[in-house]
Every structure is written in C-alpha cells, then in structure tokens.
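Next comes start.csv, a file with CSV, C-alpha atoms.
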```csv
chain,number,residue,atom,x,y,z
A,63,MET,CA,3.6,-10.4,21.4
A,64,THR,CA,5.2,-9.0,18.3
A,65,GLN,CA,4.2,-6.4,15.8
A,66,LEU,CA,3.7,-7.0,12.0
A,67,SER,CA,4.5,-4.4,9.4
A,68,ASP,CA,0.8,-3.4,9.0
A,69,GLY,CA,0.6,-2.6,12.8
A,70,ILE,CA,-1.5,-5.6,13.7
A,71,ALA,CA,-0.2,-7.4,16.7
A,72,THR,CA,0.5,-11.1,16.7
A,73,ARG,CA,-0.3,-12.9,19.9
A,74,ALA,CA,0.8,-16.1,21.6
A,75,PRO,CA,-1.2,-19.2,20.6
A,76,ARG,CA,-3.2,-19.3,23.8
A,77,ASN,CA,-3.9,-15.6,23.8
A,78,ARG,CA,-7.6,-15.2,22.9
A,79,THR,CA,-7.8,-11.4,23.0
A,80,LEU,CA,-10.0,-10.1,20.3
A,81,SER,CA,-8.3,-8.1,17.6
A,82,LEU,CA,-9.1,-6.4,14.3
A,83,THR,CA,-7.4,-6.8,11.0
A,84,ALA,CA,-7.4,-3.8,8.6
A,85,GLU,CA,-10.0,-5.6,6.5
A,86,GLU,CA,-12.2,-6.3,9.5
A,87,ARG,CA,-12.0,-2.7,10.7
A,88,GLN,CA,-13.1,-1.4,7.3
A,89,CYS,CA,-16.0,-3.9,7.3
A,90,TYR,CA,-17.2,-3.2,10.8
A,91,GLU,CA,-16.7,0.5,10.6
A,92,SER,CA,-19.3,0.6,7.8
A,93,ARG,CA,-21.8,-0.8,10.3
A,94,LEU,CA,-21.4,2.1,12.7
A,95,LEU,CA,-24.3,4.5,12.9
A,96,ARG,CA,-24.0,8.3,13.1
A,97,LEU,CA,-27.1,10.3,13.8
A,98,ASP,CA,-27.8,13.6,12.1
A,99,GLY,CA,-31.4,13.9,13.1
A,100,PRO,CA,-34.0,12.5,15.6
A,101,ALA,CA,-34.1,8.7,15.4
A,102,GLN,CA,-36.8,6.2,16.1
A,103,LEU,CA,-36.2,3.1,18.2
A,104,SER,CA,-36.3,0.9,15.1
A,105,GLU,CA,-33.5,2.9,13.6
A,106,VAL,CA,-31.1,2.5,16.5
A,107,SER,CA,-32.1,-0.9,17.9
A,108,GLY,CA,-29.2,-3.3,17.6
A,109,ARG,CA,-26.8,-0.6,16.5
A,110,THR,CA,-23.6,0.9,17.7
A,111,ILE,CA,-23.8,4.7,17.4
A,112,CYS,CA,-20.4,6.2,16.9
A,113,GLN,CA,-20.3,9.9,18.0
A,114,ASP,CA,-19.9,12.1,21.0
A,115,ILE,CA,-22.5,11.4,23.7
A,116,PHE,CA,-23.6,15.0,23.9
A,117,SER,CA,-24.4,15.2,20.2
A,118,ALA,CA,-26.2,11.8,20.3
A,119,LEU,CA,-28.4,12.0,23.3
A,120,PRO,CA,-30.8,14.7,22.0
A,121,LEU,CA,-31.4,12.6,18.9
A,122,LEU,CA,-32.3,9.3,20.6
A,123,PRO,CA,-35.9,8.1,21.0
A,124,ALA,CA,-37.8,9.3,24.1
A,125,ASP,CA,-39.4,6.8,26.5
A,126,SER,CA,-37.7,3.9,24.9
A,127,VAL,CA,-35.2,2.5,27.5
A,128,ASP,CA,-36.0,-0.1,30.1
A,129,LEU,CA,-32.4,-0.3,31.5
A,130,LEU,CA,-29.6,2.2,31.4
A,131,ILE,CA,-26.1,0.9,32.1
A,132,ALA,CA,-23.4,3.6,32.2
A,133,ASP,CA,-19.7,3.1,32.6
A,134,PRO,CA,-18.4,6.6,32.0
A,135,PRO,CA,-14.7,7.6,32.3
A,136,TYR,CA,-13.8,7.8,36.0
A,137,ASN,CA,-12.3,11.0,37.3
A,138,LEU,CA,-8.8,9.8,36.4
A,139,SER,CA,-6.3,11.0,33.8
A,140,LYS,CA,-6.5,8.2,31.3
A,141,THR,CA,-6.2,7.7,27.5
A,142,PHE,CA,-8.7,5.5,25.6
A,143,ASN,CA,-7.1,4.9,22.2
A,144,GLN,CA,-7.4,8.3,20.6
A,145,GLU,CA,-9.5,9.9,23.4
A,146,SER,CA,-8.2,11.3,26.6
A,147,PHE,CA,-9.9,12.1,29.9
A,148,THR,CA,-8.2,14.4,32.4
A,149,SER,CA,-8.8,14.4,36.1
A,150,VAL,CA,-10.6,17.4,37.4
A,151,SER,CA,-11.9,18.6,40.7
A,152,MET,CA,-14.8,16.6,42.2
A,153,ALA,CA,-17.1,19.5,41.7
A,154,GLU,CA,-16.2,19.7,38.0
A,155,TYR,CA,-16.6,16.0,37.6
A,156,GLU,CA,-20.1,16.2,39.3
A,157,ARG,CA,-21.1,18.9,36.8
A,158,TRP,CA,-19.9,16.8,33.9
A,159,LEU,CA,-21.9,13.8,35.2
A,160,ASP,CA,-25.0,16.0,35.6
A,161,CYS,CA,-24.7,17.3,32.0
A,162,TRP,CA,-25.3,13.9,30.5
A,163,ILE,CA,-27.3,12.1,33.2
A,164,GLY,CA,-29.9,14.8,33.0
A,165,GLU,CA,-30.2,14.3,29.2
A,166,THR,CA,-30.8,10.5,29.7
A,167,VAL,CA,-34.0,11.0,31.7
A,168,ARG,CA,-36.0,11.8,28.6
A,169,LEU,CA,-35.0,8.4,27.1
A,170,LEU,CA,-36.2,6.3,30.1
A,171,LYS,CA,-39.5,4.6,30.5
A,172,PRO,CA,-41.3,5.3,33.9
A,173,THR,CA,-40.3,1.8,35.1
A,174,ALA,CA,-36.6,2.1,34.0
A,175,SER,CA,-33.6,1.1,36.1
A,176,ILE,CA,-30.2,2.8,36.0
A,177,TYR,CA,-26.8,1.4,36.9
A,178,LEU,CA,-23.9,3.8,37.0
A,179,CYS,CA,-20.3,2.5,37.5
A,180,GLY,CA,-17.6,4.4,39.4
A,181,ASP,CA,-14.6,4.1,41.7
A,182,TRP,CA,-14.2,5.2,45.3
A,183,ARG,CA,-12.9,8.6,44.3
A,184,SER,CA,-16.0,9.5,42.3
A,185,SER,CA,-18.5,7.8,44.6
A,186,THR,CA,-19.8,10.9,46.3
A,187,ALA,CA,-20.1,12.8,43.0
A,188,ILE,CA,-22.1,10.0,41.4
A,189,GLN,CA,-24.4,9.8,44.4
A,190,ARG,CA,-25.2,13.5,44.3
A,191,ALA,CA,-25.6,13.6,40.5
A,192,CYS,CA,-27.9,10.5,40.6
A,193,GLU,CA,-30.2,11.6,43.5
A,194,LYS,CA,-31.1,14.7,41.5
A,195,TYR,CA,-33.0,12.6,39.0
A,196,PHE,CA,-33.5,9.1,40.3
A,197,THR,CA,-34.2,7.1,43.5
A,198,ILE,CA,-31.1,5.4,44.6
A,199,ARG,CA,-31.8,1.8,45.6
A,200,ASN,CA,-28.4,0.5,46.5
A,201,ARG,CA,-24.6,0.7,45.9
A,202,ILE,CA,-23.0,-2.5,44.7
A,203,THR,CA,-19.4,-3.1,45.3
A,204,TRP,CA,-17.6,-5.7,43.2
A,205,GLU,CA,-14.2,-7.2,43.7
A,206,ARG,CA,-11.8,-6.3,40.9
A,207,GLU,CA,-9.0,-8.7,41.8
A,208,LYS,CA,-6.6,-7.3,39.3
A,209,GLY,CA,-4.5,-4.3,40.4
A,210,ARG,CA,-1.1,-3.2,41.5
A,211,GLY,CA,0.1,-3.4,45.1
A,212,ALA,CA,0.5,-0.3,47.2
A,213,GLU,CA,3.2,0.1,49.7
A,214,HIS,CA,1.8,3.2,51.4
A,215,ASN,CA,-2.0,2.6,51.1
A,216,TRP,CA,-4.5,-0.2,50.8
A,217,LYS,CA,-4.5,-1.9,47.4
A,218,ASN,CA,-7.4,-0.7,45.4
A,219,CYS,CA,-9.3,-3.8,44.2
A,220,SER,CA,-12.9,-2.9,44.2
A,221,GLU,CA,-15.3,-0.7,42.2
A,222,ASP,CA,-18.9,0.5,42.7
A,223,ILE,CA,-22.1,0.4,40.8
A,224,TRP,CA,-24.9,2.6,41.8
A,225,PHE,CA,-28.4,1.1,41.3
A,226,CYS,CA,-31.2,3.6,40.8
A,227,THR,CA,-34.7,3.7,39.4
A,228,LEU,CA,-36.7,6.4,37.8
A,229,GLY,CA,-39.9,5.6,39.7
A,230,ARG,CA,-41.3,3.5,42.4
A,231,LYS,CA,-42.2,0.6,40.1
A,232,TYR,CA,-39.3,-1.2,38.5
A,233,THR,CA,-38.1,-4.7,37.5
A,234,PHE,CA,-36.1,-6.9,39.8
A,235,ASN,CA,-35.9,-10.6,38.9
A,236,VAL,CA,-34.2,-12.0,42.1
A,237,ASP,CA,-34.5,-15.6,41.0
A,238,ALA,CA,-32.6,-14.8,37.8
A,239,VAL,CA,-29.5,-13.7,39.7
A,240,LYS,CA,-29.0,-16.2,42.6
A,241,LEU,CA,-25.5,-17.3,43.3
A,242,LYS,CA,-24.5,-21.0,43.5
A,243,ARG,CA,-22.1,-21.5,46.4
A,244,ARG,CA,-20.2,-24.5,47.5
A,245,ILE,CA,-21.3,-25.8,51.0
A,246,LEU,CA,-18.4,-26.7,53.3
A,247,ALA,CA,-20.4,-27.5,56.4
A,248,PRO,CA,-23.8,-29.0,55.2
A,249,TYR,CA,-26.6,-29.0,57.7
A,250,THR,CA,-29.4,-31.7,57.6
A,251,GLU,CA,-32.9,-32.0,58.8
A,252,THR,CA,-33.7,-34.5,61.6
A,253,ASP,CA,-34.6,-37.0,58.9
A,254,GLY,CA,-31.2,-36.6,57.3
A,255,LYS,CA,-32.4,-34.6,54.3
A,256,PRO,CA,-30.3,-31.6,53.1
A,257,LYS,CA,-31.3,-28.3,54.8
A,258,GLY,CA,-31.3,-25.7,52.1
A,259,TRP,CA,-28.7,-27.3,49.8
A,260,GLN,CA,-28.4,-29.8,47.1
A,261,GLN,CA,-26.1,-32.7,46.4
A,262,ALA,CA,-24.4,-32.6,42.9
A,263,GLU,CA,-21.9,-34.9,41.3
A,264,ASN,CA,-19.1,-32.6,42.1
A,265,GLY,CA,-20.1,-31.4,45.5
A,266,ARG,CA,-22.8,-29.8,47.7
A,267,TYR,CA,-24.2,-26.4,46.7
A,268,ARG,CA,-26.7,-23.9,47.9
A,269,LEU,CA,-28.5,-21.2,45.9
A,270,THR,CA,-28.2,-17.9,47.8
A,271,TYR,CA,-29.9,-14.5,47.4
A,272,PRO,CA,-27.7,-11.9,45.6
A,273,SER,CA,-26.1,-9.3,47.9
A,274,ASN,CA,-24.6,-5.9,47.0
A,275,LEU,CA,-21.1,-7.4,47.5
A,276,TRP,CA,-20.0,-9.3,44.4
A,277,THR,CA,-16.9,-11.4,44.9
A,278,ASP,CA,-17.4,-13.9,42.0
A,279,ILE,CA,-16.3,-11.7,39.1
A,280,THR,CA,-13.3,-12.5,36.9
A,281,VAL,CA,-11.9,-9.5,35.1
A,282,PRO,CA,-11.2,-10.3,31.4
A,283,PHE,CA,-7.7,-11.3,30.7
A,284,TRP,CA,-5.7,-12.7,27.7
A,285,SER,CA,-7.0,-16.3,27.8
A,286,MET,CA,-10.7,-15.3,27.8
A,287,PRO,CA,-12.4,-14.9,24.4
A,288,GLU,CA,-14.3,-11.8,25.6
A,289,ASN,CA,-11.1,-10.0,26.3
A,290,THR,CA,-10.2,-6.9,24.1
A,291,ASP,CA,-7.6,-4.2,24.3
A,292,HIS,CA,-10.0,-1.7,25.9
A,293,PRO,CA,-8.3,-0.6,29.1
A,294,THR,CA,-11.4,-0.6,31.3
A,295,GLN,CA,-13.5,-3.4,29.8
A,296,LYS,CA,-16.2,-4.7,32.2
A,297,PRO,CA,-16.7,-8.5,32.4
A,298,GLU,CA,-19.7,-10.0,30.7
A,299,LYS,CA,-20.7,-11.8,33.9
A,300,LEU,CA,-20.9,-8.5,35.7
A,301,ILE,CA,-23.2,-7.0,33.1
A,302,ALA,CA,-25.2,-10.2,32.9
A,303,LYS,CA,-26.1,-9.8,36.6
A,304,ILE,CA,-27.5,-6.3,35.9
A,305,ILE,CA,-29.4,-7.2,32.8
A,306,LEU,CA,-31.0,-10.4,34.1
A,307,ALA,CA,-32.0,-8.7,37.3
A,308,SER,CA,-33.4,-5.5,35.9
A,309,SER,CA,-34.9,-6.3,32.6
A,310,HIS,CA,-37.0,-8.9,30.7
A,311,GLU,CA,-36.5,-10.5,27.3
A,312,THR,CA,-37.2,-8.0,24.5
A,313,ASP,CA,-36.7,-5.0,26.9
A,314,VAL,CA,-34.4,-2.2,25.7
A,315,VAL,CA,-30.9,-1.8,27.1
A,316,PHE,CA,-29.0,1.4,26.5
A,317,ASP,CA,-25.3,2.1,27.2
A,318,PRO,CA,-24.1,5.7,26.6
A,319,PHE,CA,-20.4,4.8,27.0
A,320,LEU,CA,-20.4,1.5,25.2
A,321,GLY,CA,-16.6,1.0,25.0
A,322,SER,CA,-15.9,-2.4,23.4
A,323,GLY,CA,-19.5,-3.4,23.5
A,324,THR,CA,-20.0,-5.6,26.6
A,325,SER,CA,-23.5,-4.2,27.4
A,326,SER,CA,-24.7,-4.8,23.9
A,327,VAL,CA,-23.1,-8.2,23.6
A,328,VAL,CA,-24.7,-9.4,26.9
A,329,ALA,CA,-28.1,-7.9,25.9
A,330,LYS,CA,-28.0,-9.9,22.7
A,331,LYS,CA,-27.0,-13.1,24.5
A,332,THR,CA,-29.9,-12.7,26.9
A,333,LYS,CA,-32.4,-11.8,24.2
A,334,ARG,CA,-32.8,-8.1,25.0
A,335,ARG,CA,-32.9,-5.3,22.5
A,336,PHE,CA,-30.1,-2.8,22.7
A,337,PHE,CA,-28.3,0.2,21.4
A,338,GLY,CA,-25.2,2.1,22.6
A,339,VAL,CA,-23.0,5.1,21.9
A,340,GLU,CA,-19.2,5.0,21.6
A,341,ILE,CA,-17.1,7.9,20.5
A,342,ASP,CA,-14.1,5.9,19.3
A,343,PRO,CA,-14.5,4.1,16.0
A,344,PHE,CA,-11.9,1.4,16.9
A,345,TYR,CA,-13.8,0.4,20.0
A,346,GLY,CA,-17.1,0.6,18.1
A,347,CYS,CA,-15.6,-1.9,15.6
A,348,LEU,CA,-14.6,-4.2,18.4
A,349,ALA,CA,-18.2,-4.0,19.7
A,350,GLU,CA,-19.5,-4.9,16.2
A,351,LYS,CA,-17.1,-7.9,15.9
A,352,ARG,CA,-18.2,-9.2,19.3
A,353,LEU,CA,-21.9,-8.8,18.4
A,354,ALA,CA,-21.3,-10.8,15.2
A,355,GLY,CA,-19.6,-13.6,17.3
A,356,VAL,CA,-22.7,-14.0,19.5
A,357,ASP,CA,-24.3,-16.0,16.7
A,358,GLN,CA,-21.6,-18.6,17.1
A,359,ASP,CA,-21.1,-18.5,20.9
A,360,SER,CA,-23.8,-17.2,23.3
A,361,SER,CA,-22.2,-18.4,26.5
A,362,ILE,CA,-21.5,-16.1,29.4
A,363,GLN,CA,-18.5,-16.7,31.5
A,364,GLY,CA,-19.6,-17.8,35.0
A,365,TYR,CA,-23.3,-18.2,34.2
A,366,SER,CA,-24.8,-21.7,33.7
A,367,GLU,CA,-28.1,-23.5,34.2
A,368,GLY,CA,-29.8,-20.3,35.1
A,369,VAL,CA,-27.5,-19.4,38.0
A,370,PHE,CA,-24.3,-17.6,38.7
A,371,TRP,CA,-21.4,-19.6,40.0
A,372,GLU,CA,-18.6,-18.7,42.4
A,373,ARG,CA,-15.2,-18.4,40.8
A,374,ASN,CA,-13.4,-21.7,40.2
A,375,THR,CA,-16.2,-24.0,41.4
A,376,LEU,CA,-17.1,-26.0,38.3
A,377,SER,CA,-15.6,-29.4,37.8
A,378,GLU,CA,-13.4,-30.3,34.8
A,379,GLN,CA,-16.3,-32.4,33.5
A,380,GLN,CA,-18.5,-29.4,33.4
A,381,ASN,CA,-15.8,-27.3,31.8
A,382,GLN,CA,-15.5,-29.8,29.0
A,383,ALA,CA,-19.3,-29.9,28.6
A,384,ALA,CA,-19.3,-26.1,28.4
A,385,LYS,CA,-16.7,-26.1,25.7
A,386,ALA,CA,-18.7,-28.6,23.7
A,387,ALA,CA,-21.8,-26.5,24.2
A,388,ARG,CA,-20.2,-23.4,22.8
A,389,SER,CA,-19.6,-25.3,19.5
A,390,ARG,CA,-23.3,-26.0,19.5
A,391,ASN,CA,-24.2,-22.4,20.3
A,392,THR,CA,-25.6,-23.4,23.6
A,393,PRO,CA,-25.4,-20.8,26.5
A,394,LEU,CA,-23.3,-22.7,29.1
A,395,PHE,CA,-20.4,-21.7,31.3
A,396,ASP,CA,-16.7,-22.2,30.6
A,397,GLU,CA,-14.4,-21.2,33.4
A,398,PRO,CA,-10.6,-20.8,33.1
```
In structure tokens, how does this file's structure come out?
Amino acid sequence: MTQLSDGIATRAPRNRTLSLTAEERQCYESRLLRLDGPAQLSEVSGRTICQDIFSALPLLPADSVDLLIADPPYNLSKTFNQESFTSVSMAEYERWLDCWIGETVRLLKPTASIYLCGDWRSSTAIQRACEKYFTIRNRITWEREKGRGAEHNWKNCSEDIWFCTLGRKYTFNVDAVKLKRRILAPYTETDGKPKGWQQAENGRYRLTYPSNLWTDITVPFWSMPENTDHPTQKPEKLIAKIILASSHETDVVFDPFLGSGTSSVVAKKTKRRFFGVEIDPFYGCLAEKRLAGVDQDSSIQGYSEGVFWERNTLSEQQNQAAKAARSRNTPLFDEP
C-alpha cells in the first residue's frame, strides 16, 4: 500500500477495504446529524448522529428502541482515529459504563433486548453495570481468530457479548439463527432415512440450535468488502445473529458506539429501522458510505438461505452463485 499526495491510500488490486476520497468525505459528512434539542424517532431513524454519546443520549426519543447493541471502548489504552481511550482501574471503568448504560434505559421499550460487547478484562465490570438495570440472560463468547501469539500467556482470541433484557417479555427468534453444520458421521433411521440431517449436492448438513459459543465468525480483513480501517470493527455476520435473533422487521435498532456502522448496515440489510451515535466524523462517513452500498449489495457474509453457515463450508459452486446474486442485489452468501 502506498500513499498519494492528497493522503488517500492506494491499495493492492485485491484489497477491498472500504476507503474515502476527499470528495466522498465531504459528501457523506453533510449527511451526518448533530442534535441540538430533543428529537423524534422520525428525525433520527436511518441516521448517523455524530457527537459525543453523553450529549446525544438525553436528546434521543424515549421508548423507541427494540434492540440496543453496544460495542463501547474496552478498558484498554487505544486510539480511534482522532479519539483516544486510556485504560483506567476496573472500578473507574464500571462507573463509566454505568454513566451511559443508565441513560439508555429511558430509550428502551419494555420488551427491549440489550447486547453489550467486551473482553475478558472488562467482563466483571460489564456484568455488574448491566445487572443494575437489566436482567442478564446469557454471556456469549465468540472466537476472534485474529490475534498475536503470546509466549508467556494464553493467546487471547475470544471476546464476550452480554445478552440482557429490560423485562420478562422479549423477542428471541431461535429459528432465524440456526447454524448449518457439516455432518461427518451421519446416523440413519432403521428404514435408512437421514436422522436429523439433510443430503445436499455438496455434502450432508444438520441445522443445529444456536449456543452461546460462536466459532463460525470471520473477522473482517482486507479481501472482504465490509472491511474498513476501523481498528475494532465487528463482523456483519456477528451482528446479524444478534439482530435476527432479537428483533423483527421494522423494529428499531440503536447503537450508541456505532464506529464504522456495522449495526446500522446489518439493520438495513435485514429490514430493520436504525440509528446510531458515533463521535468521530471519519467513521461516521464510513458508516454512511456502507449504508449507501446496501442498495447495491445486501448480502451478509456467512448467512444464506435463512441459516448461518460454519466457516469454509460452502462449495465453489455456491460461492459463484453468491457472487452472481450480489450483482442482482440478492441477499446470498459469499465466503472467501
């Protein structure tokens, strides 16, 4: 990768990482919304709100959100473009979580679900902060196969997502998030018929109930069209599992730490309403560009025919069909 004189990076031909030209940034920045007073749902729906979360939350519409997805800065010293987050004590991090989590309660419908991302270090703080306001239903652990090796510790290749609800009644569409697994030792009934599995052109598969251990996620990388330069971007497949499980079409999805826009993008692809808050204008512009691209390609990596697939289980024939489907704006799966 080389740098041009205007600061825009040129990438290798096969590198599909999303970037912004100066002209695009000017265009998309004009679409970003900044609130200066209380807003109705109609004013924020489908929008990227570009401002500090603590100034935005009091202005957002009450009782409007069906699903809250939050991927806040973890308790690590890390720089996000022009914004930096410094590691603090666990008690201080818990107080910071409490400051904005408490403010989100007003926005939630009584049947709302909440998913909050974190790592192993912040896990206890997240649990304590969430249980003050919500009922904790589960803790999902997903395999993040990227990561550096560690000579004096176990390699860190997993993250957590805490699943909570505001009340006792909530949405969970289990049939929408079943996983399609390849069967290596197929059992049959006494009459020879498949026992709980199906024969397909490229193998034998079983639909399995989703667990709280997700090992089928591919972290975005340079050859994937969803990839951006955001340092902690979540995969669309990961967010799709959450949205399909815990909301219905036309429900409202809200992300208070939107980043490069994955929650909004997947919500649009799955026909949900959405809005999000992102403090950094550059990432907000990336979100807007990705949202504009949904009109040309509504596929979700790893999701096809109403089910989620294990990594690397689709045949080349299906890969080619998925590529053709993208050109027709059909939501099918294309796996690298």
Could you give me, as a Markdown table, a per-residue list for stretch 157-208 of chain A showing, wherever an atom lies at most 12 Å from an atom of stretch 287-306 of chain A, the closest pair of atoms and their distance in Å to one decimal, using only C-alpha atoms and sorting by chain then residue number from low to high?
```
| residue | atom | partner | partner_atom | distance |
| --- | --- | --- | --- | --- |
| A:Ala174 | CA | A:Ile305 | CA | 11.8 |
| A:Ser175 | CA | A:Ile304 | CA | 9.6 |
| A:Ile176 | CA | A:Ile304 | CA | 9.5 |
| A:Tyr177 | CA | A:Ile304 | CA | 7.8 |
| A:Leu178 | CA | A:Ile304 | CA | 10.8 |
| A:Cys179 | CA | A:Lys296 | CA | 9.8 |
| A:Gly180 | CA | A:Thr294 | CA | 11.4 |
| A:Asp181 | CA | A:Thr294 | CA | 11.9 |
| A:Ile202 | CA | A:Ile304 | CA | 10.6 |
| A:Thr203 | CA | A:Leu300 | CA | 11.1 |
| A:Trp204 | CA | A:Leu300 | CA | 8.7 |
| A:Glu205 | CA | A:Leu300 | CA | 10.5 |
| A:Arg206 | CA | A:Lys296 | CA | 9.9 |
| A:Lys208 | CA | A:Thr294 | CA | 11.5 |
```
### Task
Using all atoms listed in the file, give me every residue within 10 Å of (-25.2, 11.2, 23.7) in file coordinates, as a PyMOL selection string.
chain A and resi 111-122+162-163+165-166+317-319+338-341
### Task
Work out how far atom CA of A:Leu241 is from atom CA of A:Gln358, in Å to one decimal.
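About the pair atom CA of A:Gln358 and atom CA of A:Leu241: they are 26.5 Å apart.
The space separating atom CA of A:Arg244 from atom CA of A:Gln261 comes to 10.2 Å.
Atom pair atom CA of A:Val167 / atom CA of A:Cys192: separated by 10.8 Å.
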### Near-stretch 139-156 of chain A list (10 Å; only C-alpha atoms; drop same-chain fewer than 4 positions) as number ranges by chain
A: 135, 160-161, 183-192, 291-294, 321, 341-345
Sorted per-residue table, stretch 83-151 of chain A near stretch 352-355 of chain A, closest atoms and distance, 10 Å, only C-alpha atoms, as a tab-separated table:
```
residue	atom	partner	partner_atom	distance
A:Tyr90	CA	A:Ala354	CA	9.7
A:Gly108	CA	A:Leu353	CA	9.2
A:Arg109	CA	A:Leu353	CA	9.7
A:Thr110	CA	A:Leu353	CA	9.9
```
### Query
Taking (-13.8, -0.9, 8.5) in the file's coordinates as the center, which residues reach within 12 Å of it, counting only C-alpha atoms, put as a PyMOL selection string?
chain A and resi 82-94+343-348+350-351
### Residues within 10 Å of stretch 226-230 of chain A, all atoms listed in the file, excluding chain neighbours under 2 positions, as a PyMOL selection string
chain A and resi 129-130+167+170-178+189+192-193+195-201+223-224+232-233+308
### Message
With distances taken over all atoms listed in the file, which residue among A:Phe337, A:Gly164, A:Arg157, A:Pro282 lies nearest A:Lys194?
### Response
A:Gly164
### A:Met286, A:Ala329, A:Val127, A:Val369 ranked by distance to A:Tyr267, top pick (using only C-alpha atoms)
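Selected residue with least distance to A:Tyr267: A:Val369.
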